[in-house]
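Below is data.cif, holding mmCIF, C-alpha atoms.
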data_input
#
loop_
_atom_site.label_atom_id
_atom_site.label_comp_id
_atom_site.auth_asym_id
_atom_site.auth_seq_id
_atom_site.Cartn_x
_atom_site.Cartn_y
_atom_site.Cartn_z
CA MET D 5 145.13 -31.67 -151.43
CA LYS D 6 141.77 -29.92 -151.65
CA ILE D 7 140.36 -29.08 -148.23
CA GLY D 8 136.72 -28.70 -147.26
CA PHE D 9 135.99 -26.93 -143.96
CA ILE D 10 132.69 -27.07 -142.05
CA GLY D 11 132.19 -24.83 -139.00
CA VAL D 12 133.52 -21.38 -139.84
CA GLY D 13 132.79 -19.77 -136.48
CA VAL D 14 134.91 -17.94 -133.90
CA MET D 15 137.72 -20.51 -134.13
CA GLY D 16 137.09 -21.97 -137.57
CA LYS D 17 137.24 -18.67 -139.40
CA SER D 18 140.83 -18.00 -138.27
CA MET D 19 141.81 -21.61 -138.95
CA VAL D 20 140.55 -21.31 -142.54
CA LYS D 21 142.45 -18.05 -143.00
CA ASN D 22 145.67 -19.72 -141.85
CA LEU D 23 145.15 -22.57 -144.30
CA LEU D 24 144.71 -20.02 -147.08
CA LYS D 25 147.85 -18.16 -146.00
CA ASN D 26 149.76 -21.42 -146.28
CA GLY D 27 148.68 -21.91 -149.88
CA TYR D 28 145.89 -24.45 -149.47
CA GLU D 29 142.74 -24.37 -151.58
CA VAL D 30 139.86 -24.32 -149.11
CA GLU D 31 136.15 -24.74 -149.73
CA ILE D 32 133.79 -23.89 -146.89
CA TYR D 33 130.18 -24.48 -145.92
CA ALA D 34 128.32 -21.99 -143.72
CA ARG D 35 124.68 -22.00 -142.65
CA GLN D 36 124.81 -18.20 -142.66
CA PRO D 37 126.85 -17.15 -145.72
CA GLU D 38 126.70 -13.48 -144.74
CA LYS D 39 128.93 -14.25 -141.75
CA VAL D 40 131.81 -15.58 -143.87
CA VAL D 41 132.09 -12.78 -146.43
CA ASP D 42 135.51 -11.83 -145.08
CA VAL D 43 136.81 -15.40 -145.45
CA VAL D 44 135.51 -15.62 -149.01
CA SER D 45 137.15 -12.28 -149.81
CA GLU D 46 140.47 -13.82 -148.72
CA GLY D 47 140.11 -16.77 -151.09
CA ALA D 48 137.85 -19.41 -149.54
CA ILE D 49 135.23 -20.88 -151.88
CA LEU D 50 131.70 -21.02 -150.47
CA ILE D 51 129.84 -24.26 -151.27
CA SER D 52 126.06 -24.46 -150.97
CA SER D 53 125.75 -27.79 -149.14
CA ILE D 54 127.72 -30.21 -146.99
CA ALA D 55 126.97 -33.02 -149.43
CA ALA D 56 128.47 -31.08 -152.34
CA LEU D 57 131.51 -30.07 -150.29
CA SER D 58 132.04 -33.66 -149.18
CA LYS D 59 132.05 -34.96 -152.76
CA ARG D 60 134.55 -32.36 -153.96
CA ASN D 61 137.39 -32.54 -151.42
CA ASP D 62 140.21 -34.87 -150.36
CA ILE D 63 140.34 -33.62 -146.78
CA ILE D 64 137.28 -32.56 -144.79
CA ILE D 65 137.74 -30.65 -141.53
CA THR D 66 134.92 -30.07 -139.07
CA MET D 67 134.91 -27.52 -136.24
CA VAL D 68 131.37 -27.44 -134.92
CA GLY D 69 129.83 -26.76 -131.51
CA PHE D 70 128.56 -29.83 -129.69
CA PRO D 71 128.65 -33.65 -130.01
CA ARG D 72 125.11 -33.56 -131.41
CA ASP D 73 126.43 -31.33 -134.21
CA VAL D 74 129.30 -33.74 -134.85
CA ARG D 75 126.87 -36.66 -135.05
CA SER D 76 124.62 -34.78 -137.46
CA VAL D 77 127.38 -33.51 -139.74
CA TYR D 78 128.92 -36.96 -140.11
CA PHE D 79 125.96 -39.38 -140.00
CA ASP D 80 122.98 -37.59 -141.56
CA GLU D 81 122.17 -38.87 -145.04
CA ASP D 82 122.92 -35.56 -146.73
CA LYS D 83 126.14 -34.93 -144.82
CA ILE D 84 129.74 -36.18 -144.86
CA LEU D 85 130.05 -39.97 -144.60
CA ASN D 86 127.28 -40.73 -147.07
CA ASN D 87 128.75 -38.39 -149.68
CA ALA D 88 132.53 -38.28 -149.37
CA LYS D 89 134.48 -40.42 -151.80
CA ALA D 90 136.58 -43.40 -150.71
CA GLY D 91 140.07 -42.34 -149.72
CA THR D 92 138.94 -39.07 -148.17
CA ILE D 93 140.43 -38.16 -144.78
CA VAL D 94 138.01 -36.53 -142.34
CA ILE D 95 139.36 -34.56 -139.37
CA ASP D 96 137.04 -33.57 -136.53
CA MET D 97 138.64 -30.70 -134.60
CA THR D 98 135.62 -30.15 -132.36
CA THR D 99 136.03 -31.00 -128.69
CA SER D 100 133.62 -33.90 -128.55
CA SER D 101 132.95 -37.31 -127.05
CA PRO D 102 135.73 -39.93 -127.30
CA SER D 103 133.13 -42.64 -127.82
CA LEU D 104 131.54 -40.63 -130.64
CA ALA D 105 134.98 -40.22 -132.22
CA ARG D 106 135.30 -44.00 -132.26
CA GLU D 107 131.83 -44.31 -133.81
CA VAL D 108 132.79 -41.91 -136.59
CA TYR D 109 136.06 -43.82 -137.10
CA LEU D 110 134.28 -47.17 -137.53
CA GLU D 111 131.57 -45.80 -139.83
CA ALA D 112 134.20 -43.99 -141.89
CA GLN D 113 136.11 -47.25 -142.31
CA TYR D 114 132.94 -48.87 -143.64
CA HIS D 115 132.81 -46.19 -146.36
CA GLY D 116 136.53 -46.47 -147.19
CA ILE D 117 137.23 -43.15 -145.47
CA GLN D 118 139.96 -42.42 -142.89
CA SER D 119 138.94 -40.54 -139.74
CA LEU D 120 140.95 -38.53 -137.21
CA ASP D 121 139.88 -36.77 -134.02
CA CYS D 122 142.11 -33.71 -133.63
CA PRO D 123 140.65 -31.31 -131.05
CA VAL D 124 142.50 -28.08 -130.36
CA THR D 125 143.30 -25.77 -127.47
CA GLY D 126 144.48 -22.18 -127.53
CA GLY D 127 141.24 -20.25 -127.97
CA SER D 128 140.49 -17.56 -130.50
CA ILE D 129 143.93 -15.97 -130.05
CA GLY D 130 145.69 -19.25 -130.82
CA ALA D 131 143.43 -19.83 -133.83
CA LYS D 132 144.16 -16.35 -135.17
CA GLU D 133 147.91 -16.57 -134.64
CA GLY D 134 148.21 -20.17 -135.83
CA THR D 135 149.60 -21.28 -132.47
CA LEU D 136 146.96 -23.83 -131.48
CA THR D 137 147.88 -27.04 -129.71
CA ILE D 138 146.38 -29.98 -131.61
CA PHE D 139 145.90 -33.50 -130.21
CA GLY D 140 145.78 -36.20 -132.89
CA GLY D 141 143.83 -39.43 -132.50
CA GLY D 142 143.22 -42.14 -135.10
CA ASP D 143 145.42 -44.15 -137.45
CA GLN D 144 148.95 -42.79 -137.48
CA ASN D 145 149.39 -43.16 -141.25
CA ALA D 146 146.41 -40.86 -141.84
CA TYR D 147 147.76 -38.44 -139.24
CA GLU D 148 151.14 -38.31 -141.00
CA GLN D 149 149.44 -37.53 -144.32
CA VAL D 150 147.65 -34.47 -142.95
CA LEU D 151 150.39 -33.29 -140.56
CA PRO D 152 151.43 -30.35 -142.81
CA ILE D 153 147.78 -29.19 -142.85
CA LEU D 154 147.55 -29.40 -139.07
CA LYS D 155 150.81 -27.48 -138.73
CA ALA D 156 149.34 -24.69 -140.85
CA MET D 157 146.83 -24.14 -138.02
CA GLY D 158 148.83 -25.06 -134.92
CA LYS D 159 152.23 -24.63 -133.34
CA THR D 160 152.23 -27.78 -131.20
CA VAL D 161 150.81 -30.81 -133.00
CA VAL D 162 151.10 -34.20 -131.33
CA TYR D 163 149.88 -37.72 -132.14
CA VAL D 164 148.53 -39.31 -128.94
CA GLY D 165 147.16 -42.65 -130.16
CA GLY D 166 144.18 -44.43 -131.68
CA PRO D 167 140.64 -43.25 -132.34
CA GLY D 168 139.15 -41.26 -129.46
CA LEU D 169 142.46 -40.62 -127.72
CA GLY D 170 142.78 -37.14 -129.23
CA GLN D 171 139.51 -36.31 -127.48
CA HIS D 172 140.68 -37.83 -124.21
CA ALA D 173 143.87 -35.72 -124.33
CA LYS D 174 141.83 -32.57 -124.93
CA LEU D 175 139.42 -33.33 -122.09
CA ALA D 176 142.36 -33.83 -119.71
CA ASN D 177 143.59 -30.43 -120.87
CA GLN D 178 140.19 -28.89 -120.09
CA ILE D 179 140.31 -30.26 -116.57
CA GLY D 180 143.55 -28.33 -116.11
CA VAL D 181 141.98 -25.19 -117.57
CA ALA D 182 139.05 -25.49 -115.17
CA GLY D 183 141.40 -25.52 -112.19
CA ALA D 184 143.54 -22.71 -113.52
CA ILE D 185 140.71 -20.29 -114.31
CA ALA D 186 139.09 -20.98 -110.95
CA ALA D 187 142.43 -20.31 -109.23
CA VAL D 188 142.78 -16.99 -111.06
CA SER D 189 139.24 -15.98 -110.13
CA GLU D 190 139.89 -16.77 -106.49
CA MET D 191 143.17 -14.83 -106.52
CA ILE D 192 141.26 -11.81 -107.81
CA ALA D 193 138.42 -12.23 -105.31
CA TYR D 194 140.80 -12.60 -102.36
CA SER D 195 142.87 -9.59 -103.42
CA LYS D 196 139.86 -7.30 -103.75
CA ALA D 197 138.41 -8.45 -100.43
CA ASN D 198 141.65 -7.46 -98.71
CA GLY D 199 142.19 -4.06 -100.30
CA LEU D 200 144.76 -5.06 -102.92
CA ASP D 201 144.76 -3.98 -106.56
CA PRO D 202 144.92 -7.23 -108.56
CA LYS D 203 145.57 -5.29 -111.78
CA ALA D 204 148.88 -4.16 -110.31
CA LEU D 205 149.74 -7.66 -109.14
CA VAL D 206 149.01 -9.82 -112.20
CA GLU D 207 152.40 -9.20 -113.77
CA VAL D 208 154.13 -9.90 -110.44
CA TRP D 209 152.20 -13.12 -109.86
CA ASN D 210 153.23 -14.26 -113.33
CA THR D 211 156.91 -14.12 -112.34
CA GLY D 212 156.42 -16.72 -109.60
CA SER D 213 155.08 -20.20 -109.04
CA ALA D 214 151.47 -19.09 -109.59
CA ALA D 215 152.22 -18.20 -113.23
CA SER D 216 149.84 -19.63 -115.81
CA THR D 217 148.36 -18.90 -119.22
CA GLN D 218 145.05 -18.10 -117.54
CA LEU D 219 146.73 -15.59 -115.23
CA LYS D 220 148.57 -14.03 -118.18
CA VAL D 221 145.67 -13.87 -120.64
CA SER D 222 142.33 -14.23 -118.85
CA ALA D 223 143.03 -12.19 -115.70
CA PRO D 224 143.77 -8.88 -117.49
CA ARG D 225 140.68 -9.29 -119.64
CA ALA D 226 138.49 -10.04 -116.64
CA LEU D 227 139.92 -7.14 -114.64
CA SER D 228 139.28 -4.71 -117.49
CA GLY D 229 135.67 -5.90 -117.78
CA ASP D 230 136.27 -7.53 -121.17
CA MET D 231 134.13 -10.66 -121.16
CA THR D 232 134.10 -11.23 -124.93
CA PRO D 233 134.57 -14.92 -125.67
CA GLY D 234 137.87 -16.37 -126.68
CA PHE D 235 136.01 -19.48 -125.59
CA PHE D 236 132.31 -19.51 -124.70
CA ILE D 237 131.14 -20.49 -121.22
CA LYS D 238 128.45 -22.69 -122.82
CA HIS D 239 131.09 -24.61 -124.77
CA PHE D 240 133.33 -24.99 -121.70
CA ILE D 241 130.41 -26.46 -119.76
CA LYS D 242 130.02 -28.96 -122.61
CA ASP D 243 133.71 -29.90 -122.35
CA MET D 244 133.56 -30.35 -118.58
CA ASN D 245 130.40 -32.46 -118.87
CA LEU D 246 132.13 -34.67 -121.43
CA ALA D 247 135.05 -35.19 -119.05
CA ILE D 248 132.66 -35.96 -116.18
CA ASP D 249 130.79 -38.47 -118.38
CA GLU D 250 134.07 -40.26 -119.08
CA THR D 251 134.72 -40.71 -115.33
CA GLU D 252 131.47 -42.57 -114.66
CA ASN D 253 132.81 -45.98 -115.66
CA LYS D 254 136.36 -45.30 -114.50
CA GLY D 255 135.79 -44.89 -110.78
CA ILE D 256 137.37 -41.42 -110.74
CA ASP D 257 135.92 -38.71 -108.50
CA LEU D 258 137.15 -35.37 -109.87
CA LYS D 259 135.86 -33.02 -107.16
CA MET D 260 137.45 -29.85 -108.52
CA LEU D 261 136.03 -30.45 -111.98
CA HIS D 262 132.49 -30.92 -110.61
CA THR D 263 132.80 -27.77 -108.50
CA VAL D 264 133.98 -25.55 -111.36
CA ARG D 265 131.39 -27.01 -113.74
CA ASP D 266 128.64 -26.19 -111.25
CA MET D 267 129.86 -22.59 -110.93
CA TYR D 268 129.76 -22.13 -114.69
CA VAL D 269 126.33 -23.76 -114.90
CA LYS D 270 125.06 -21.18 -112.40
CA LEU D 271 126.46 -18.37 -114.57
CA ALA D 272 124.86 -19.86 -117.68
CA GLN D 273 121.52 -20.09 -115.89
CA GLU D 274 121.85 -16.39 -115.11
CA GLY D 275 122.27 -15.60 -118.81
CA PHE D 276 126.06 -15.49 -119.11
CA GLY D 277 126.58 -18.57 -121.30
CA ASP D 278 127.72 -16.54 -124.32
CA LEU D 279 130.45 -14.75 -122.38
CA GLY D 280 134.08 -15.86 -122.28
CA THR D 281 135.38 -18.24 -119.62
CA GLN D 282 137.11 -15.32 -117.83
CA ALA D 283 133.63 -14.29 -116.70
CA LEU D 284 133.97 -16.82 -113.87
CA VAL D 285 135.00 -13.78 -111.81
CA LYS D 286 131.30 -12.84 -111.89
CA TYR D 287 130.50 -15.93 -109.83
CA TYR D 288 132.69 -14.61 -107.02
CA GLU D 289 131.32 -11.09 -107.38
CA GLU D 290 127.78 -12.43 -107.03
CA SER D 291 128.80 -14.59 -104.05
CA GLU D 292 130.27 -11.55 -102.32
CA LYS D 293 127.02 -9.62 -102.85
CA ASP D 294 124.96 -12.55 -101.54
CA ASN D 295 127.09 -13.00 -98.43
CA GLY D 296 127.52 -9.30 -97.68
CA PRO D 297 130.47 -7.61 -96.00
CA LYS D 298 132.33 -9.45 -93.26
CA ASN D 299 133.65 -7.84 -90.06
CA ASN D 300 137.37 -8.31 -89.58
#
Representation of the structure as structure tokens:
Amino acid sequence: MKIGFIGVGVMGKSMVKNLLKNGYEVEIYARQPEKVVDVVSEGAILISSIAALSKRNDIIITMVGFPRDVRSVYFDEDKILNNAKAGTIVIDMTTSSPSLAREVYLEAQYHGIQSLDCPVTGGSIGAKEGTLTIFGGGDQNAYEQVLPILKAMGKTVVYVGGPGLGQHAKLANQIGVAGAIAAVSEMIAYSKANGLDPKALVEVWNTGSAASTQLKVSAPRALSGDMTPGFFIKHFIKDMNLAIDETENKGIDLKMLHTVRDMYVKLAQEGFGDLGTQALVKYYEESEKDNGPKNN
């Protein structure tokens, strides 16, 4: 199967490299070709337009930024659905709107194209190491056809149901991440306020019931001052907003999710949107400065 890949950014670049390592022929489209020179040097073929890429490939994978980008890349006249041949399977791996995933699915059917929503979790490290978790939504027969391709990029690949359900599974995952990263940030803030060295305690905490991926991966990065993005704050805000949108008609009041979203929005407003999610520790640092020292 020939694979076309659109969205060769922080995550997408490593995903393309893993497809190449597994012997797949991959064509890519990039708005800024100078940023994908390394991927081309490893065997990816750069195509000049999305329309051309869509006509040439059996499988088209998208990994773009926001739902508006998904809508554009699938529905615009010079993009995927108006140019891909019948029988093509499209796989959107962006974390996006479940309702938009269903829209893409229905429009793809009209064109004789099969559509899957397969968002991922695992960040830039998981993308690089090929250990992403991938949630599959859409028709199961299409999912089974592309399963070897998904396994070239992820370690845990699971089919969760019909169109849009892959996105719902990912948004539920992001709710858990929101709670976990906030918990880690509060552990660090509490420790510092009481004269402890959280750097010395992270490994110990990870041996007990507080253990988590965020404590193992994000805490050491935050404590060393490394705020480079494995996952951008601005993209995490998008994910949390999508989850909040989905609760509006469900009668669910997710208080923790709203609280963590608002903290990240404050950081973004202060110019930190391009930092990694571990930069939530800055929210607590700023709060401590605002409140001043407390007398014990």
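This file, queried with the PyMOL selection byres ((chain D and resi 234) around 10), gives the residues Val14, Met15, Gly126, Gly127, Ser128, Ile129, Gly130, Ala131, Ser222, Met231, Thr232, Pro233, Phe235, Phe236, Ile237, Leu279, Gly280, Thr281 and Gln282 of chain D.
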Residues of the last selection are to be written out with C-alpha atoms, as a short mmCIF file (atom, residue, chain, number, x, y, z; two decimals), in the frame of the given file.
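So selection37.cif came out as:
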data_model
loop_
_atom_site.label_atom_id
_atom_site.label_comp_id
_atom_site.auth_asym_id
_atom_site.auth_seq_id
_atom_site.Cartn_x
_atom_site.Cartn_y
_atom_site.Cartn_z
CA VAL D 14 134.91 -17.94 -133.90
CA MET D 15 137.72 -20.51 -134.13
CA GLY D 126 144.48 -22.18 -127.53
CA GLY D 127 141.24 -20.25 -127.97
CA SER D 128 140.49 -17.56 -130.50
CA ILE D 129 143.93 -15.97 -130.05
CA GLY D 130 145.69 -19.25 -130.82
CA ALA D 131 143.43 -19.83 -133.83
CA SER D 222 142.33 -14.23 -118.85
CA MET D 231 134.13 -10.66 -121.16
CA THR D 232 134.10 -11.23 -124.93
CA PRO D 233 134.57 -14.92 -125.67
CA PHE D 235 136.01 -19.48 -125.59
CA PHE D 236 132.31 -19.51 -124.70
CA ILE D 237 131.14 -20.49 -121.22
CA LEU D 279 130.45 -14.75 -122.38
CA GLY D 280 134.08 -15.86 -122.28
CA THR D 281 135.38 -18.24 -119.62
CA GLN D 282 137.11 -15.32 -117.83
#
Which residue out of D:Ala223, D:Leu175, D:Val181, D:Val124 has the minimum interatomic distance to Met67 (chain D) when all atoms listed in the file are used? D:Val124
Selection dump of the PyMOL selection byres ((chain D and resi 266) around 12), as a PDB file with C-alpha atoms, in the frame of the given file:
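result_28.pdb, written as the output of this step:
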ATOM      1  CA  ALA D 182     139.050 -25.490-115.170  1.00  0.00           C
ATOM      2  CA  ALA D 186     139.090 -20.980-110.950  1.00  0.00           C
ATOM      3  CA  ILE D 237     131.140 -20.490-121.220  1.00  0.00           C
ATOM      4  CA  PHE D 240     133.330 -24.990-121.700  1.00  0.00           C
ATOM      5  CA  ILE D 241     130.410 -26.460-119.760  1.00  0.00           C
ATOM      6  CA  LYS D 242     130.020 -28.960-122.610  1.00  0.00           C
ATOM      7  CA  MET D 244     133.560 -30.350-118.580  1.00  0.00           C
ATOM      8  CA  ASN D 245     130.400 -32.460-118.870  1.00  0.00           C
ATOM      9  CA  ILE D 248     132.660 -35.960-116.180  1.00  0.00           C
ATOM     10  CA  LYS D 259     135.860 -33.020-107.160  1.00  0.00           C
ATOM     11  CA  MET D 260     137.450 -29.850-108.520  1.00  0.00           C
ATOM     12  CA  LEU D 261     136.030 -30.450-111.980  1.00  0.00           C
ATOM     13  CA  HIS D 262     132.490 -30.920-110.610  1.00  0.00           C
ATOM     14  CA  THR D 263     132.800 -27.770-108.500  1.00  0.00           C
ATOM     15  CA  VAL D 264     133.980 -25.550-111.360  1.00  0.00           C
ATOM     16  CA  ARG D 265     131.390 -27.010-113.740  1.00  0.00           C
ATOM     17  CA  MET D 267     129.860 -22.590-110.930  1.00  0.00           C
ATOM     18  CA  TYR D 268     129.760 -22.130-114.690  1.00  0.00           C
ATOM     19  CA  VAL D 269     126.330 -23.760-114.900  1.00  0.00           C
ATOM     20  CA  LYS D 270     125.060 -21.180-112.400  1.00  0.00           C
ATOM     21  CA  LEU D 271     126.460 -18.370-114.570  1.00  0.00           C
ATOM     22  CA  ALA D 272     124.860 -19.860-117.680  1.00  0.00           C
ATOM     23  CA  GLN D 273     121.520 -20.090-115.890  1.00  0.00           C
ATOM     24  CA  LEU D 284     133.970 -16.820-113.870  1.00  0.00           C
ATOM     25  CA  TYR D 287     130.500 -15.930-109.830  1.00  0.00           C
TER      26      TYR D 287
END
Could the residues of region 96-162 of chain D that have an atom at most 10 Å from region 167-173 of chain D be listed as a tab-separated table, each with its closest atom pair and the distance in Å to one decimal, counting only C-alpha atoms and ordered by chain and ascending residue number?
residue	atom	partner	partner_atom	distance
D:Asp96	CA	D:Gln171	CA	9.8
D:Met97	CA	D:Gln171	CA	9.1
D:Thr98	CA	D:Gln171	CA	8.8
D:Thr99	CA	D:Gln171	CA	6.5
D:Ser100	CA	D:Gln171	CA	6.5
D:Ser101	CA	D:Gln171	CA	6.6
D:Pro102	CA	D:Gly168	CA	4.3
D:Ser103	CA	D:Gly168	CA	6.4
D:Leu104	CA	D:Gly168	CA	7.7
D:Ala105	CA	D:Gly168	CA	5.1
D:Arg106	CA	D:Pro167	CA	5.4
D:Glu107	CA	D:Pro167	CA	9.0
D:Val108	CA	D:Pro167	CA	9.0
D:Tyr109	CA	D:Pro167	CA	6.6
D:Leu110	CA	D:Pro167	CA	9.1
D:Ser119	CA	D:Pro167	CA	8.1
D:Leu120	CA	D:Pro167	CA	6.8
D:Asp121	CA	D:Gly170	CA	5.6
D:Cys122	CA	D:Gly170	CA	5.6
D:Pro123	CA	D:Gln171	CA	6.2
D:Val124	CA	D:Gly170	CA	9.1
D:Ile138	CA	D:Gly170	CA	8.4
D:Phe139	CA	D:Gly170	CA	4.9
D:Gly140	CA	D:Gly170	CA	4.8
D:Gly141	CA	D:Gly170	CA	4.1
D:Gly142	CA	D:Pro167	CA	3.9
D:Asp143	CA	D:Pro167	CA	7.1
D:Gln144	CA	D:Pro167	CA	9.8
D:Val162	CA	D:Gly170	CA	9.1
What is the CA of Thr137 (chain D) to CA of Val161 (chain D) distance in Å?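 Computing it gives 5.8 Å between the two atoms.
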Separation of CA of Lys174 (chain D) from CA of Val43 (chain D) in Å: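 Distance reported for this atom pair: 27.2 Å.
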Can you give me, as a count of residues only, the residues this file yields under the PyMOL selection byres ((chain D and resi 205) around 12)? 24
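A straight line drawn from CA of Gly13 (chain D) to CA of Ala184 (chain D) is 25.5 Å long.
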Just checking: using all atoms listed in the file, which residue out of D:Ser45, D:Ser53, D:Asn22, D:Asp257 ends up closest to Lys159 (chain D)? D:Asn22
Rank D:Met5, D:Arg75, D:Ile54, D:Lys132 by their smallest atom-to-atom distance to Ile93 (chain D), using only C-alpha atoms, and report the top residue only. D:Met5
Write out N, CA and C atoms for region 144-166 of chain D, as a PDB file, in the frame of the given file.
ATOM      1  N   GLN D 144     147.787 -43.668-137.363  1.00  0.00           N
ATOM      2  CA  GLN D 144     148.950 -42.790-137.480  1.00  0.00           C
ATOM      3  C   GLN D 144     149.299 -42.493-138.926  1.00  0.00           C
ATOM      4  N   ASN D 145     149.046 -43.428-139.844  1.00  0.00           N
ATOM      5  CA  ASN D 145     149.390 -43.160-141.250  1.00  0.00           C
ATOM      6  C   ASN D 145     148.535 -42.022-141.808  1.00  0.00           C
ATOM      7  N   ALA D 146     147.265 -41.967-141.409  1.00  0.00           N
ATOM      8  CA  ALA D 146     146.410 -40.860-141.840  1.00  0.00           C
ATOM      9  C   ALA D 146     146.870 -39.557-141.214  1.00  0.00           C
ATOM     10  N   TYR D 147     147.246 -39.622-139.942  1.00  0.00           N
ATOM     11  CA  TYR D 147     147.760 -38.440-139.240  1.00  0.00           C
ATOM     12  C   TYR D 147     148.990 -37.881-139.950  1.00  0.00           C
ATOM     13  N   GLU D 148     149.909 -38.772-140.326  1.00  0.00           N
ATOM     14  CA  GLU D 148     151.140 -38.310-141.000  1.00  0.00           C
ATOM     15  C   GLU D 148     150.821 -37.642-142.334  1.00  0.00           C
ATOM     16  N   GLN D 149     149.799 -38.131-143.031  1.00  0.00           N
ATOM     17  CA  GLN D 149     149.440 -37.530-144.320  1.00  0.00           C
ATOM     18  C   GLN D 149     148.947 -36.094-144.180  1.00  0.00           C
ATOM     19  N   VAL D 150     148.243 -35.810-143.103  1.00  0.00           N
ATOM     20  CA  VAL D 150     147.650 -34.470-142.950  1.00  0.00           C
ATOM     21  C   VAL D 150     148.462 -33.583-142.006  1.00  0.00           C
ATOM     22  N   LEU D 151     149.600 -34.065-141.525  1.00  0.00           N
ATOM     23  CA  LEU D 151     150.390 -33.290-140.560  1.00  0.00           C
ATOM     24  C   LEU D 151     150.738 -31.890-141.065  1.00  0.00           C
ATOM     25  N   PRO D 152     151.146 -31.722-142.336  1.00  0.00           N
ATOM     26  CA  PRO D 152     151.430 -30.350-142.810  1.00  0.00           C
ATOM     27  C   PRO D 152     150.207 -29.434-142.724  1.00  0.00           C
ATOM     28  N   ILE D 153     149.017 -29.984-142.949  1.00  0.00           N
ATOM     29  CA  ILE D 153     147.780 -29.190-142.850  1.00  0.00           C
ATOM     30  C   ILE D 153     147.545 -28.785-141.408  1.00  0.00           C
ATOM     31  N   LEU D 154     147.727 -29.718-140.481  1.00  0.00           N
ATOM     32  CA  LEU D 154     147.550 -29.400-139.070  1.00  0.00           C
ATOM     33  C   LEU D 154     148.561 -28.345-138.610  1.00  0.00           C
ATOM     34  N   LYS D 155     149.786 -28.448-139.121  1.00  0.00           N
ATOM     35  CA  LYS D 155     150.810 -27.480-138.730  1.00  0.00           C
ATOM     36  C   LYS D 155     150.560 -26.082-139.302  1.00  0.00           C
ATOM     37  N   ALA D 156     149.719 -26.000-140.326  1.00  0.00           N
ATOM     38  CA  ALA D 156     149.340 -24.690-140.850  1.00  0.00           C
ATOM     39  C   ALA D 156     148.399 -23.967-139.881  1.00  0.00           C
ATOM     40  N   MET D 157     147.782 -24.724-138.972  1.00  0.00           N
ATOM     41  CA  MET D 157     146.830 -24.140-138.020  1.00  0.00           C
ATOM     42  C   MET D 157     147.354 -24.131-136.586  1.00  0.00           C
ATOM     43  N   GLY D 158     148.362 -24.944-136.295  1.00  0.00           N
ATOM     44  CA  GLY D 158     148.830 -25.060-134.920  1.00  0.00           C
ATOM     45  C   GLY D 158     150.338 -25.051-134.796  1.00  0.00           C
ATOM     46  N   LYS D 159     150.798 -24.669-133.637  1.00  0.00           N
ATOM     47  CA  LYS D 159     152.230 -24.630-133.340  1.00  0.00           C
ATOM     48  C   LYS D 159     152.713 -25.941-132.735  1.00  0.00           C
ATOM     49  N   THR D 160     151.903 -26.504-131.854  1.00  0.00           N
ATOM     50  CA  THR D 160     152.230 -27.780-131.200  1.00  0.00           C
ATOM     51  C   THR D 160     151.222 -28.811-131.669  1.00  0.00           C
ATOM     52  N   VAL D 161     151.699 -29.784-132.441  1.00  0.00           N
ATOM     53  CA  VAL D 161     150.810 -30.810-133.000  1.00  0.00           C
ATOM     54  C   VAL D 161     151.384 -32.165-132.583  1.00  0.00           C
ATOM     55  N   VAL D 162     150.575 -32.955-131.888  1.00  0.00           N
ATOM     56  CA  VAL D 162     151.100 -34.200-131.330  1.00  0.00           C
ATOM     57  C   VAL D 162     150.131 -35.339-131.585  1.00  0.00           C
ATOM     58  N   TYR D 163     150.672 -36.497-131.970  1.00  0.00           N
ATOM     59  CA  TYR D 163     149.880 -37.720-132.140  1.00  0.00           C
ATOM     60  C   TYR D 163     149.837 -38.435-130.791  1.00  0.00           C
ATOM     61  N   VAL D 164     148.633 -38.719-130.274  1.00  0.00           N
ATOM     62  CA  VAL D 164     148.530 -39.310-128.940  1.00  0.00           C
ATOM     63  C   VAL D 164     148.039 -40.754-128.951  1.00  0.00           C
ATOM     64  N   GLY D 165     147.585 -41.264-130.108  1.00  0.00           N
ATOM     65  CA  GLY D 165     147.160 -42.650-130.160  1.00  0.00           C
ATOM     66  C   GLY D 165     145.943 -42.877-131.038  1.00  0.00           C
ATOM     67  N   GLY D 166     145.270 -43.979-130.819  1.00  0.00           N
ATOM     68  CA  GLY D 166     144.180 -44.430-131.680  1.00  0.00           C
ATOM     69  C   GLY D 166     142.928 -43.586-131.597  1.00  0.00           C
TER      70      GLY D 166
END
